[in-house]
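Chemist: This is the structure I have questions about; it appears just below.
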Amino acid sequence: MALWTVSDAGYDANNLYRNSLAKYFLPSENEFYKAAYGKSDGSGYYFYPTASDSAPTAVASGTAAGTAIYNGAATQPASVYAAGGLSSYGTMGQGGNVYGWEETAYDGVNESTTENRRLRGGNWLNYAADQHTSSSPLSVSPDHENNNSFGFRVASVTYVGAIPEPSTYALFGIGAIGLLMVLRRKKA
């Protein structure tokens, strides 16, 4: 891992880990936290990444609401398509299955490639649901190796305004119909 430098295209002095031109990246602490624990209506946060303030039910795999892969219910991590119930934003497996690496350094300051990184979410072996909670990040060295309980998810850039909302087309259509009606009346 190397930090971006001033001479690199896309250099961002506020985050030396993420190039501002990147389309795909590890989520930051805030991005991971919102996707996992945020309430999609913007009213706050849940305690667990299964859109709930109650501990999830341990399962070996599946997508049922309020479930997570933990407590030794499985003999290995589950498929990414069956990694537990969804968060309020529709992400899966942010509690249980495998810990998720975050872009953000544990101390919150991204200034060194050797400082510990944040991991969240617990894994399939954890016996306590408290490892999945919003208040339980881990601090792990970026060169730490673990073959069965650490993973990552890839986040991507959303280009706001690049694709108009459907309502934009509807408004344009209504405006065009109104203009045609005015032009017809002027001809008549």
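So you can find residues: chains in the structure tokens are A, B, ... in the order shown, residues in each start at 1, and ligands are numbered from 1 in order.
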Would you pick out the contacts of segment 46-54 of chain A at 10 Å or less, using only C-alpha atoms, so that residues sharing its chain but fewer than 6 positions from it are not included, and give the list as an MDAnalysis selection string?
Modeler: chainID A and resid 33:40 64:68 84:96 121 129:135
Chemist: Using C-alpha atoms, can you write the selected residues to a file as a PDB file, in the first residue's frame?
Modeler:
```pdb
ATOM      1  CA  TYR A  33     -21.066   2.915   9.180  1.00  0.00           C
ATOM      2  CA  LYS A  34     -23.901   4.585   7.263  1.00  0.00           C
ATOM      3  CA  ALA A  35     -24.413   1.591   4.934  1.00  0.00           C
ATOM      4  CA  ALA A  36     -24.428  -0.874   7.840  1.00  0.00           C
ATOM      5  CA  TYR A  37     -26.163   0.961  10.669  1.00  0.00           C
ATOM      6  CA  GLY A  38     -27.904   3.970   9.110  1.00  0.00           C
ATOM      7  CA  LYS A  39     -31.680   4.228   8.874  1.00  0.00           C
ATOM      8  CA  SER A  40     -32.529   4.791   5.219  1.00  0.00           C
ATOM      9  CA  ALA A  64     -33.811 -13.698   6.286  1.00  0.00           C
ATOM     10  CA  ALA A  65     -34.372 -10.385   8.045  1.00  0.00           C
ATOM     11  CA  GLY A  66     -32.644 -10.067  11.421  1.00  0.00           C
ATOM     12  CA  THR A  67     -30.095 -12.831  10.786  1.00  0.00           C
ATOM     13  CA  ALA A  68     -26.287 -12.908  10.664  1.00  0.00           C
ATOM     14  CA  GLY A  84     -27.404 -12.719   6.503  1.00  0.00           C
ATOM     15  CA  GLY A  85     -30.182 -10.163   6.697  1.00  0.00           C
ATOM     16  CA  LEU A  86     -29.962  -6.772   5.012  1.00  0.00           C
ATOM     17  CA  SER A  87     -29.219  -3.390   6.506  1.00  0.00           C
ATOM     18  CA  SER A  88     -31.711  -0.571   6.116  1.00  0.00           C
ATOM     19  CA  TYR A  89     -29.795   0.492   2.979  1.00  0.00           C
ATOM     20  CA  GLY A  90     -29.903  -3.036   1.535  1.00  0.00           C
ATOM     21  CA  THR A  91     -26.304  -4.108   2.161  1.00  0.00           C
ATOM     22  CA  MET A  92     -25.681  -7.687   3.278  1.00  0.00           C
ATOM     23  CA  GLY A  93     -23.097  -9.295   5.517  1.00  0.00           C
ATOM     24  CA  GLN A  94     -21.920  -6.211   7.375  1.00  0.00           C
ATOM     25  CA  GLY A  95     -22.535  -8.085  10.613  1.00  0.00           C
ATOM     26  CA  GLY A  96     -21.062 -11.552  10.917  1.00  0.00           C
ATOM     27  CA  GLY A 121     -18.885  -6.400  11.719  1.00  0.00           C
ATOM     28  CA  ALA A 129     -23.422 -10.595  18.842  1.00  0.00           C
ATOM     29  CA  ASP A 130     -21.737  -7.561  20.409  1.00  0.00           C
ATOM     30  CA  GLN A 131     -18.969  -7.870  17.794  1.00  0.00           C
ATOM     31  CA  HIS A 132     -21.549  -6.759  15.193  1.00  0.00           C
ATOM     32  CA  THR A 133     -22.636  -3.605  16.983  1.00  0.00           C
ATOM     33  CA  SER A 134     -22.076  -0.071  15.814  1.00  0.00           C
ATOM     34  CA  SER A 135     -19.705   0.515  18.736  1.00  0.00           C
TER      35      SER A 135
END
```
Chemist: Please list as JSON, numbers by chain every residue within 12 Å of Leu138 of chain A, counting only C-alpha atoms and excluding residues in the same chain fewer than 6 positions away.
Modeler: {"A": [29, 99, 100, 101, 102, 104, 105, 106, 107, 116, 117, 118, 119, 120, 121, 122, 123, 131, 132, 150]}
Chemist: For Gln76 of chain A, list every protein, DNA or RNA residue within 7 Å, evaluated using only C-alpha atoms, and leave out those in the same chain fewer than 2 positions away; present the list as a list in words.
Modeler: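 In the requested format, the answer is Ala74, Ala78 and Trp124 of chain A.
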